[in-house]
$ cat my_file-v6.cif   # mmCIF, C-alpha atoms
data_model
#
loop_
_atom_site.group_PDB
_atom_site.id
_atom_site.type_symbol
_atom_site.label_atom_id
_atom_site.label_comp_id
_atom_site.auth_asym_id
_atom_site.auth_seq_id
_atom_site.Cartn_x
_atom_site.Cartn_y
_atom_site.Cartn_z
ATOM 1 C CA MET K 1 15.054 -46.018 18.284
ATOM 2 C CA ARG K 2 16.359 -43.540 15.733
ATOM 3 C CA SER K 3 14.901 -45.496 12.817
ATOM 4 C CA LYS K 4 11.562 -45.541 14.632
ATOM 5 C CA ALA K 5 11.604 -41.751 14.947
ATOM 6 C CA VAL K 6 12.429 -41.394 11.253
ATOM 7 C CA MET K 7 9.520 -43.666 10.386
ATOM 8 C CA VAL K 8 7.114 -41.594 12.530
ATOM 9 C CA LEU K 9 8.314 -38.401 10.842
ATOM 10 C CA ALA K 10 7.873 -39.942 7.383
ATOM 11 C CA ILE K 11 4.316 -40.986 8.247
ATOM 12 C CA ALA K 12 3.576 -37.484 9.543
ATOM 13 C CA LEU K 13 4.832 -35.941 6.317
ATOM 14 C CA MET K 14 2.646 -38.299 4.314
ATOM 15 C CA ILE K 15 -0.414 -37.364 6.355
ATOM 16 C CA LEU K 16 0.290 -33.611 6.439
ATOM 17 C CA PRO K 17 -1.015 -32.781 2.943
ATOM 18 C CA LEU K 18 -4.279 -34.515 3.814
ATOM 19 C CA VAL K 19 -4.910 -32.321 6.863
ATOM 20 C CA SER K 20 -3.613 -28.957 5.732
ATOM 21 C CA GLY K 21 -4.824 -26.051 3.664
ATOM 22 C CA GLN K 22 -8.464 -25.881 4.889
ATOM 23 C CA TYR K 23 -9.738 -22.547 6.223
ATOM 24 C CA SER K 24 -12.362 -19.856 5.809
ATOM 25 C CA VAL K 25 -11.889 -16.092 5.868
ATOM 26 C CA GLU K 26 -14.025 -14.536 8.597
ATOM 27 C CA SER K 27 -13.203 -10.900 7.842
ATOM 28 C CA LEU K 28 -10.826 -8.689 5.875
ATOM 29 C CA SER K 29 -10.200 -5.011 6.576
ATOM 30 C CA LEU K 30 -7.943 -2.394 4.987
ATOM 31 C CA THR K 31 -6.807 0.823 6.646
ATOM 32 C CA VAL K 32 -5.541 3.380 4.127
ATOM 33 C CA TYR K 33 -2.981 6.003 5.163
ATOM 34 C CA SER K 34 -2.428 9.419 3.602
ATOM 35 C CA ASP K 35 0.873 8.453 1.955
ATOM 36 C CA GLY K 36 -0.515 5.330 0.280
ATOM 37 C CA TYR K 37 0.453 2.660 2.789
ATOM 38 C CA VAL K 38 -2.290 0.172 3.651
ATOM 39 C CA LYS K 39 -2.682 -1.907 6.790
ATOM 40 C CA VAL K 40 -4.220 -5.318 6.076
ATOM 41 C CA VAL K 41 -5.976 -7.302 8.828
ATOM 42 C CA GLU K 42 -7.380 -10.732 7.938
ATOM 43 C CA VAL K 43 -9.140 -13.034 10.415
ATOM 44 C CA ILE K 44 -9.037 -16.689 9.370
ATOM 45 C CA VAL K 45 -10.849 -19.678 10.872
ATOM 46 C CA PRO K 46 -9.017 -22.998 10.282
ATOM 47 C CA GLU K 47 -11.036 -26.143 9.690
ATOM 48 C CA ASN K 48 -10.966 -28.912 12.279
ATOM 49 C CA TYR K 49 -8.171 -31.492 12.072
ATOM 50 C CA THR K 50 -5.880 -29.251 10.056
ATOM 51 C CA VAL K 51 -2.341 -28.458 11.170
ATOM 52 C CA SER K 52 -1.512 -25.731 8.645
ATOM 53 C CA PHE K 53 -3.020 -23.679 5.879
ATOM 54 C CA SER K 54 -1.755 -21.570 2.967
ATOM 55 C CA VAL K 55 -3.390 -18.210 2.333
ATOM 56 C CA PRO K 56 -2.532 -15.768 -0.481
ATOM 57 C CA LEU K 57 -1.319 -12.338 0.622
ATOM 58 C CA LEU K 58 -2.769 -9.270 -1.067
ATOM 59 C CA ALA K 59 0.755 -8.027 -1.887
ATOM 60 C CA THR K 60 4.326 -9.268 -2.264
ATOM 61 C CA ASN K 61 5.927 -6.237 -0.610
ATOM 62 C CA VAL K 62 4.914 -6.893 3.013
ATOM 63 C CA GLU K 63 6.149 -5.174 6.181
ATOM 64 C CA GLY K 64 5.513 -5.750 9.878
ATOM 65 C CA LEU K 65 3.857 -9.140 9.384
ATOM 66 C CA THR K 66 2.341 -10.684 12.524
ATOM 67 C CA VAL K 67 0.390 -13.930 12.850
ATOM 68 C CA ILE K 68 -1.380 -14.634 16.166
ATOM 69 C CA ASP K 69 -4.099 -16.948 17.460
ATOM 70 C CA GLU K 70 -7.312 -15.945 19.220
ATOM 71 C CA ASN K 71 -5.398 -15.489 22.495
ATOM 72 C CA GLY K 72 -2.724 -13.238 20.988
ATOM 73 C CA LYS K 73 -0.095 -15.983 20.923
ATOM 74 C CA PRO K 74 2.351 -15.742 17.969
ATOM 75 C CA LEU K 75 2.119 -18.623 15.512
ATOM 76 C CA PRO K 76 4.947 -20.001 13.337
ATOM 77 C CA TYR K 77 4.712 -19.213 9.640
ATOM 78 C CA GLU K 78 6.701 -18.955 6.436
ATOM 79 C CA ILE K 79 6.278 -16.975 3.215
ATOM 80 C CA ASN K 80 6.570 -18.589 -0.210
ATOM 81 C CA GLY K 81 6.410 -15.776 -2.741
ATOM 82 C CA SER K 82 3.044 -14.140 -2.108
ATOM 83 C CA THR K 83 1.669 -17.111 -0.157
ATOM 84 C CA LEU K 84 1.622 -17.254 3.635
ATOM 85 C CA VAL K 85 1.841 -20.715 5.231
ATOM 86 C CA VAL K 86 0.684 -20.782 8.873
ATOM 87 C CA TYR K 87 1.320 -23.662 11.301
ATOM 88 C CA PHE K 88 -0.824 -23.932 14.419
ATOM 89 C CA GLU K 89 -2.066 -26.226 17.182
ATOM 90 C CA ASN K 90 -5.682 -26.113 18.354
ATOM 91 C CA ALA K 91 -6.144 -22.506 17.210
ATOM 92 C CA THR K 92 -9.770 -21.610 16.516
ATOM 93 C CA GLY K 93 -8.951 -18.266 14.939
ATOM 94 C CA VAL K 94 -5.874 -16.747 13.271
ATOM 95 C CA ARG K 95 -5.289 -13.004 12.852
ATOM 96 C CA VAL K 96 -2.864 -11.933 10.113
ATOM 97 C CA THR K 97 -1.684 -8.297 10.063
ATOM 98 C CA TYR K 98 0.757 -6.530 7.751
ATOM 99 C CA TYR K 99 1.497 -3.229 6.000
ATOM 100 C CA THR K 100 2.065 -2.737 2.276
ATOM 101 C CA PRO K 101 2.447 0.076 -0.276
ATOM 102 C CA ASP K 102 1.525 -2.241 -3.172
ATOM 103 C CA LEU K 103 -2.252 -1.842 -3.063
ATOM 104 C CA THR K 104 -2.299 1.839 -4.004
ATOM 105 C CA ALA K 105 -1.101 3.802 -7.022
ATOM 106 C CA LYS K 106 -1.152 7.535 -7.682
ATOM 107 C CA ASN K 107 -1.805 9.441 -10.905
ATOM 108 C CA GLY K 108 -1.623 13.180 -10.397
ATOM 109 C CA ALA K 109 -3.762 13.988 -7.366
ATOM 110 C CA ILE K 110 -5.788 10.779 -7.604
ATOM 111 C CA TRP K 111 -4.954 7.710 -5.542
ATOM 112 C CA THR K 112 -6.399 4.317 -6.543
ATOM 113 C CA LEU K 113 -6.750 1.381 -4.153
ATOM 114 C CA SER K 114 -7.041 -1.968 -5.960
ATOM 115 C CA PHE K 115 -7.486 -5.459 -4.518
ATOM 116 C CA SER K 116 -9.248 -8.787 -4.983
ATOM 117 C CA SER K 117 -11.107 -10.615 -2.228
ATOM 118 C CA THR K 118 -13.459 -13.569 -1.803
ATOM 119 C CA VAL K 119 -15.270 -11.822 1.078
ATOM 120 C CA PRO K 120 -16.613 -8.282 1.616
ATOM 121 C CA VAL K 121 -13.847 -5.857 2.644
ATOM 122 C CA LYS K 122 -14.101 -3.011 5.139
ATOM 123 C CA ILE K 123 -11.971 -0.038 4.020
ATOM 124 C CA THR K 124 -11.152 2.810 6.391
ATOM 125 C CA PHE K 125 -9.873 6.004 4.758
ATOM 126 C CA PRO K 126 -8.191 9.048 6.314
ATOM 127 C CA ASP K 127 -10.795 11.576 7.415
ATOM 128 C CA ASN K 128 -9.457 14.030 4.800
ATOM 129 C CA ALA K 129 -10.027 11.636 1.863
ATOM 130 C CA VAL K 130 -12.632 12.216 -0.835
ATOM 131 C CA ILE K 131 -13.731 9.230 -2.936
ATOM 132 C CA VAL K 132 -14.062 10.088 -6.637
ATOM 133 C CA ASP K 133 -14.674 6.695 -8.260
ATOM 134 C CA LEU K 134 -15.855 3.175 -7.335
ATOM 135 C CA THR K 135 -16.128 -0.096 -9.224
ATOM 136 C CA ASP K 136 -19.179 -1.146 -7.159
ATOM 137 C CA ILE K 137 -21.725 0.422 -4.856
ATOM 138 C CA PRO K 138 -20.652 -0.050 -1.204
ATOM 139 C CA LEU K 139 -22.652 -2.493 0.882
ATOM 140 C CA GLU K 140 -22.375 -0.128 3.821
ATOM 141 C CA ILE K 141 -21.142 3.392 4.605
ATOM 142 C CA ASN K 142 -20.156 4.231 8.173
ATOM 143 C CA GLY K 143 -18.251 7.444 8.850
ATOM 144 C CA ASN K 144 -14.937 7.286 6.986
ATOM 145 C CA SER K 145 -15.329 3.539 6.365
ATOM 146 C CA ILE K 146 -17.074 1.689 3.553
ATOM 147 C CA LEU K 147 -17.830 -2.005 3.073
ATOM 148 C CA MET K 148 -17.112 -3.162 -0.476
ATOM 149 C CA PRO K 149 -18.483 -6.419 -1.902
ATOM 150 C CA ALA K 150 -16.286 -9.403 -2.742
ATOM 151 C CA GLY K 151 -14.494 -9.521 -6.081
ATOM 152 C CA ASN K 152 -12.014 -7.367 -7.974
ATOM 153 C CA GLN K 153 -12.471 -3.898 -6.547
ATOM 154 C CA SER K 154 -10.991 -0.473 -7.193
ATOM 155 C CA VAL K 155 -11.601 2.740 -5.251
ATOM 156 C CA SER K 156 -10.172 6.094 -6.358
ATOM 157 C CA TYR K 157 -9.812 8.992 -3.948
ATOM 158 C CA VAL K 158 -8.014 12.280 -3.379
ATOM 159 C CA ILE K 159 -6.427 13.553 -0.183
ATOM 160 C CA GLN K 160 -7.242 17.046 1.069
ATOM 161 C CA TYR K 161 -3.825 17.839 2.537
ATOM 162 C CA ARG K 162 -3.764 19.876 5.716
ATOM 163 C CA PRO K 163 -1.072 22.047 7.296
ATOM 164 C CA ALA K 164 1.403 20.238 9.530
ATOM 165 C CA GLY K 165 0.137 19.513 13.019
ATOM 166 C CA THR K 166 -3.534 19.017 12.115
ATOM 167 C CA GLY K 167 -3.402 15.299 12.692
ATOM 168 C CA ALA K 168 -3.715 13.921 9.169
ATOM 169 C CA PRO K 169 -2.594 10.293 9.478
ATOM 170 C CA THR K 170 0.448 8.981 7.656
ATOM 171 C CA ALA K 171 1.814 5.501 7.165
ATOM 172 C CA PRO K 172 4.042 3.997 9.865
ATOM 173 C CA THR K 173 7.762 4.515 9.363
ATOM 174 C CA SER K 174 10.789 2.973 10.985
ATOM 175 C CA ALA K 175 11.618 4.107 14.504
ATOM 176 C CA SER K 176 14.923 5.594 13.365
ATOM 177 C CA GLY K 177 13.259 7.648 10.650
ATOM 178 C CA THR K 178 15.509 6.150 7.974
ATOM 179 C CA THR K 179 14.302 5.050 4.567
ATOM 180 C CA THR K 180 16.046 1.696 4.475
ATOM 181 C CA GLU K 181 13.921 -1.124 3.172
ATOM 182 C CA PRO K 182 12.386 -2.995 6.143
ATOM 183 C CA SER K 183 12.318 -6.746 6.374
ATOM 184 C CA ASN K 184 9.161 -8.802 6.854
ATOM 185 C CA SER K 185 9.949 -9.291 10.527
ATOM 186 C CA THR K 186 10.250 -5.579 11.298
ATOM 187 C CA VAL K 187 7.134 -4.026 12.811
ATOM 188 C CA PRO K 188 6.691 -0.362 11.836
ATOM 189 C CA SER K 189 6.700 2.155 14.663
ATOM 190 C CA ASN K 190 3.396 3.066 16.298
ATOM 191 C CA PRO K 191 1.593 -0.036 14.981
ATOM 192 C CA GLY K 192 -1.193 0.570 17.449
ATOM 193 C CA SER K 193 -2.623 3.368 15.347
ATOM 194 C CA SER K 194 -4.598 0.883 13.320
ATOM 195 C CA SER K 195 -7.004 3.298 11.671
ATOM 196 C CA PRO K 196 -7.111 6.954 10.746
ATOM 197 C CA SER K 197 -9.367 8.770 13.162
ATOM 198 C CA SER K 198 -11.969 11.368 12.318
ATOM 199 C CA GLY K 199 -11.635 14.657 14.156
ATOM 200 C CA GLU K 200 -14.684 15.925 16.017
ATOM 201 C CA GLY K 201 -16.651 18.442 14.055
ATOM 202 C CA SER K 202 -14.730 17.796 10.832
ATOM 203 C CA THR K 203 -16.481 17.166 7.530
ATOM 204 C CA ASN K 204 -16.664 13.483 6.630
ATOM 205 C CA TRP K 205 -15.169 13.791 3.160
ATOM 206 C CA THR K 206 -15.191 10.053 2.484
ATOM 207 C CA MET K 207 -18.956 9.833 2.899
ATOM 208 C CA VAL K 208 -19.453 13.069 0.949
ATOM 209 C CA GLY K 209 -17.493 11.639 -1.973
ATOM 210 C CA VAL K 210 -19.362 8.324 -1.931
ATOM 211 C CA LEU K 211 -22.768 9.973 -1.723
ATOM 212 C CA ALA K 212 -21.871 12.340 -4.558
ATOM 213 C CA LEU K 213 -20.823 9.381 -6.718
ATOM 214 C CA LEU K 214 -24.040 7.532 -5.936
ATOM 215 C CA ALA K 215 -26.072 10.616 -6.833
ATOM 216 C CA LEU K 216 -24.212 10.970 -10.137
ATOM 217 C CA ALA K 217 -24.667 7.283 -10.934
ATOM 218 C CA ALA K 218 -28.393 7.543 -10.205
ATOM 219 C CA GLY K 219 -28.649 10.407 -12.689
ATOM 220 C CA GLY K 220 -26.741 8.484 -15.361
ATOM 221 C CA SER K 221 -23.640 10.639 -15.030
ATOM 222 C CA PHE K 222 -20.024 9.750 -14.392
ATOM 223 C CA LEU K 223 -17.245 11.656 -12.681
ATOM 224 C CA TYR K 224 -13.910 11.922 -14.413
ATOM 225 C CA MET K 225 -10.853 13.760 -13.172
ATOM 226 C CA ARG K 226 -8.162 14.232 -15.759
ATOM 227 C CA ARG K 227 -4.982 16.221 -15.924
ATOM 228 C CA GLY K 228 -5.517 19.072 -18.394
ATOM 229 C CA GLY K 229 -3.004 20.790 -20.602
ATOM 230 C CA GLU K 230 -0.047 19.608 -22.571
ATOM 231 C CA GLU K 231 3.219 18.507 -21.021
ATOM 232 C CA LYS K 232 5.699 21.361 -21.018
ATOM 233 C CA ALA K 233 9.293 21.011 -22.098
ATOM 234 C CA ILE K 234 12.047 22.106 -19.720
ATOM 235 C CA GLY K 235 12.927 25.706 -20.515
ATOM 236 C CA ILE K 236 15.804 26.422 -18.108
ATOM 237 C CA SER K 237 19.476 25.542 -18.079
ATOM 238 C CA ARG K 238 20.907 22.803 -15.893
ATOM 239 C CA GLU K 239 22.773 25.414 -13.887
ATOM 240 C CA ASP K 240 19.569 27.335 -13.167
ATOM 241 C CA PHE K 241 17.835 24.087 -12.311
ATOM 242 C CA GLU K 242 20.535 23.200 -9.778
ATOM 243 C CA ARG K 243 20.150 26.644 -8.204
ATOM 244 C CA ARG K 244 16.414 26.106 -7.846
ATOM 245 C CA LEU K 245 16.978 22.758 -6.155
ATOM 246 C CA ARG K 246 19.008 24.472 -3.447
ATOM 247 C CA GLU K 247 15.821 26.229 -2.355
ATOM 248 C CA TYR K 248 14.502 22.883 -1.093
ATOM 249 C CA GLU K 249 15.767 20.694 1.726
ATOM 250 C CA LEU K 250 16.673 17.656 -0.363
ATOM 251 C CA THR K 251 18.725 14.580 0.395
ATOM 252 C CA LYS K 252 21.591 13.642 -1.914
ATOM 253 C CA ASP K 253 19.520 10.834 -3.468
ATOM 254 C CA GLU K 254 16.584 13.196 -4.055
ATOM 255 C CA GLU K 255 18.841 15.754 -5.729
ATOM 256 C CA LYS K 256 20.478 13.071 -7.909
ATOM 257 C CA ALA K 257 17.047 11.748 -8.928
ATOM 258 C CA LEU K 258 15.813 15.199 -9.952
ATOM 259 C CA LEU K 259 18.975 15.949 -11.944
ATOM 260 C CA TYR K 260 18.686 12.552 -13.627
ATOM 261 C CA LEU K 261 15.140 13.435 -14.702
ATOM 262 C CA PHE K 262 16.304 16.847 -15.947
ATOM 263 C CA ASP K 263 19.040 15.278 -18.081
ATOM 264 C CA ARG K 264 16.464 12.994 -19.707
ATOM 265 C CA GLY K 265 14.056 15.669 -20.777
ATOM 266 C CA GLY K 266 12.064 15.840 -17.553
ATOM 267 C CA LYS K 267 10.734 12.312 -17.158
ATOM 268 C CA ALA K 268 11.826 8.687 -16.821
ATOM 269 C CA LYS K 269 10.662 5.327 -15.552
ATOM 270 C CA GLN K 270 10.637 5.108 -11.760
ATOM 271 C CA ALA K 271 12.481 1.770 -11.908
ATOM 272 C CA GLU K 272 15.174 3.366 -14.085
ATOM 273 C CA VAL K 273 15.792 6.140 -11.545
ATOM 274 C CA ARG K 274 15.805 3.629 -8.682
ATOM 275 C CA GLU K 275 18.402 1.445 -10.434
ATOM 276 C CA MET K 276 20.567 4.494 -11.109
ATOM 277 C CA LEU K 277 20.555 5.365 -7.399
ATOM 278 C CA GLY K 278 20.962 1.726 -6.316
ATOM 279 C CA ILE K 279 18.228 1.940 -3.684
ATOM 280 C CA PRO K 280 15.460 -0.549 -2.735
ATOM 281 C CA LYS K 281 11.998 -0.303 -4.250
ATOM 282 C CA THR K 282 10.329 0.770 -0.995
ATOM 283 C CA THR K 283 12.915 3.474 -0.371
ATOM 284 C CA ALA K 284 12.435 4.857 -3.886
ATOM 285 C CA TRP K 285 8.651 4.744 -3.497
ATOM 286 C CA ARG K 286 8.787 6.826 -0.320
ATOM 287 C CA MET K 287 11.296 9.235 -1.819
ATOM 288 C CA PHE K 288 9.064 10.011 -4.794
ATOM 289 C CA GLN K 289 6.109 10.383 -2.430
ATOM 290 C CA ARG K 290 8.004 13.125 -0.562
ATOM 291 C CA LEU K 291 9.045 14.842 -3.796
ATOM 292 C CA GLU K 292 5.475 14.695 -5.107
ATOM 293 C CA LYS K 293 4.105 16.241 -1.924
ATOM 294 C CA GLN K 294 6.582 19.108 -2.356
ATOM 295 C CA GLY K 295 5.284 19.662 -5.877
ATOM 296 C CA LEU K 296 8.598 18.743 -7.513
ATOM 297 C CA VAL K 297 7.499 15.671 -9.470
ATOM 298 C CA ARG K 298 4.419 13.880 -10.729
ATOM 299 C CA VAL K 299 4.162 10.089 -10.526
ATOM 300 C CA TYR K 300 1.869 8.361 -13.004
ATOM 301 C CA LYS K 301 1.289 5.006 -14.674
ATOM 302 C CA LYS K 302 2.057 4.328 -18.340
ATOM 303 C CA LYS K 303 1.736 0.857 -19.841
ATOM 304 C CA ARG K 304 1.716 -0.789 -16.388
ATOM 305 C CA GLU K 305 4.908 1.018 -15.332
ATOM 306 C CA ASN K 306 5.363 3.928 -12.940
ATOM 307 C CA TRP K 307 6.856 7.063 -14.513
ATOM 308 C CA VAL K 308 8.186 10.184 -12.817
ATOM 309 C CA GLU K 309 7.938 13.642 -14.368
ATOM 310 C CA LEU K 310 9.443 16.933 -13.220
ATOM 311 C CA LYS K 311 6.973 19.686 -12.318
ATOM 312 C CA LEU K 312 9.497 22.502 -11.784
#
$ encode --input "my_file-v6.cif" --output "structure tokens"
Amino acid sequence: MRSKAVMVLAIALMILPLVSGQYSVESLSLTVYSDGYVKVVEVIVPENYTVSFSVPLLATNVEGLTVIDENGKPLPYEINGSTLVVYFENATGVRVTYYTPDLTAKNGAIWTLSFSSTVPVKITFPDNAVIVDLTDIPLEINGNSILMPAGNQSVSYVIQYRPAGTGAPTAPTSASGTTTEPSNSTVPSNPGSSSPSSGEGSTNWTMVGVLALLALAAGGSFLYMRRGGEEKAIGISREDFERRLREYELTKDEEKALLYLFDRGGKAKQAEVREMLGIPKTTAWRMFQRLEKQGLVRVYKKKRENWVELKL
């Protein structure tokens, strides 16, 4: 009896590659948050007679991953690098949802969202975002959402920050408020807030930015936003610098990171600072986001690496 079961399993494993891996992407949507996190929602339709499929994720750093069928039933899955393998029975539709900080990068005040897709992608921005550059003309503009064509796409935008309490959306954080690196099985708090909402009566800055870009393109012009001026050398002593840091409510890691930058002439690779502190990549990313919002540092890309520069 046991040998019979082993034989059945062996036959199943031989057949499995012939009936797996077939699917089509029905839709793909991205919801961008003010601090750079992006919620990815992909709806996949498996082909008939398949028992599993492998779909590439848009990022390797994935949080709050959920995989459900058309009835909301969780489906078993596994992740191999940046590939998601989903196993299902009789599912006619699969919905994959996750959060990631990997799709956005910031240089000065300009955020850039970059991705590659085989289908058109709906992107929803915060209502206080202004688009300043596009790789392609959107297929559709609807409020604070745009529909970008398939392919390698890049959208640059700036955030018009508002005073606290005005409702500007931010990325989900852990329920405890800590900055520990979440695992793939941990769902961020308040996952129901799937898209930034537009306040009534507020200016739709996303559409304004897109329309301005289209008008400039029609006139043969291009919009560039660059950081002017030369980089300034640090002109204060370490003791004075430490005194200035006490004016801010900083964590120990934030203070150590700023002093590390000071001791190295005011700038260093983000990975170098993270390794010095011994903290995860996601934790460091969020830390520098907070410091940048306080005007203490500037995060920028140089030769495909993130650098951090003091602004004090």
$ atom_distance --input "my_file-v6.cif" --atom1 "CA of Pro280 in chain K" --atom2 "CA of Leu28 in chain K"
28.8 Å
$ residues_around --input "my_file-v6.cif" --residues "Thr92 in chain K" --least-positions-apart "5" --cutoff "8 Å" --atoms "all atoms listed in the file" --output "list in words"
Val45, Pro46, Asp69 and Glu70 of chain K
$ atom_distance --input "my_file-v6.cif" --atom1 "CA of Ser145 in chain K" --atom2 "CA of Ile131 in chain K"
11.0 Å
$ resolve_selection --input "my_file-v6.cif" --expression "the PyMOL selection byres ((chain K and resi 113) around 7)" --output "ChimeraX atom specification"
/K:103-105,111-112,114-115,154-156
$ write_last_selection --input "my_file-v6.cif" --atoms "C-alpha atoms" --output "compact mmCIF listing (two decimals), in the frame of the given file"
# COMPACT_ATOMS: atom_id res chain seq x y z
CA LEU K 103 -2.25 -1.84 -3.06
CA THR K 104 -2.30 1.84 -4.00
CA ALA K 105 -1.10 3.80 -7.02
CA TRP K 111 -4.95 7.71 -5.54
CA THR K 112 -6.40 4.32 -6.54
CA SER K 114 -7.04 -1.97 -5.96
CA PHE K 115 -7.49 -5.46 -4.52
CA SER K 154 -10.99 -0.47 -7.19
CA VAL K 155 -11.60 2.74 -5.25
CA SER K 156 -10.17 6.09 -6.36
$ atom_distance --input "my_file-v6.cif" --atom1 "CA of Val297 in chain K" --atom2 "CA of Val273 in chain K"
12.8 Å
$ resolve_selection --input "my_file-v6.cif" --expression "the PyMOL selection byres ((chain K and resi 118) around 9)" --output "PyMOL selection string"
chain K and resi 25+116-117+119-121+149-152
$ resolve_selection --input "my_file-v6.cif" --expression "the PyMOL selection byres ((chain K and resi 251-258) around 8)" --output "PyMOL selection string"
chain K and resi 245+249-250+259-262+273+277+287+291+310
$ closest_residue --input "my_file-v6.cif" --among "K:Asp127, K:Gln294, K:Glu309, K:Ser27" --to "Arg264 in chain K" --atoms "all atoms listed in the file"
K:Glu309
$ closest_residue --input "my_file-v6.cif" --among "K:Tyr87, K:Val158, K:Asn80, K:Ile68" --to "Gln22 in chain K" --atoms "all atoms listed in the file"
K:Tyr87
$ closest_residue --input "my_file-v6.cif" --among "K:Val43, K:Val51, K:Leu58, K:Ile123" --to "Arg95 in chain K" --atoms "only C-alpha atoms"
K:Val43
$ closest_residue --input "my_file-v6.cif" --among "K:Lys301, K:Arg244, K:Lys39, K:Lys269" --to "Val62 in chain K" --atoms "only C-alpha atoms"
K:Lys39
$ closest_residue --input "my_file-v6.cif" --among "K:Val94, K:Val130, K:Ile137, K:Val86" --to "Val55 in chain K" --atoms "only C-alpha atoms"
K:Val86
$ axis_aligned_box --input "my_file-v6.cif" --around "range 34-40 of chain K" --padding-each-side "8 Å" --output "lines of an AutoDock Vina configuration file"
center_x = -1.7
center_y = 2.1
center_z = 3.5
size_x = 21.1
size_y = 30.7
size_z = 22.5
$ closest_residue --input "my_file-v6.cif" --among "K:Gly143, K:Pro101, K:Pro138, K:Gly266" --to "Glu63 in chain K" --atoms "only C-alpha atoms"
K:Pro101
$ residues_around --input "my_file-v6.cif" --residues "Trp307 in chain K" --least-positions-apart "4" --cutoff "7 Å" --atoms "all atoms listed in the file" --output "PyMOL selection string"
chain K and resi 268-270+299-302
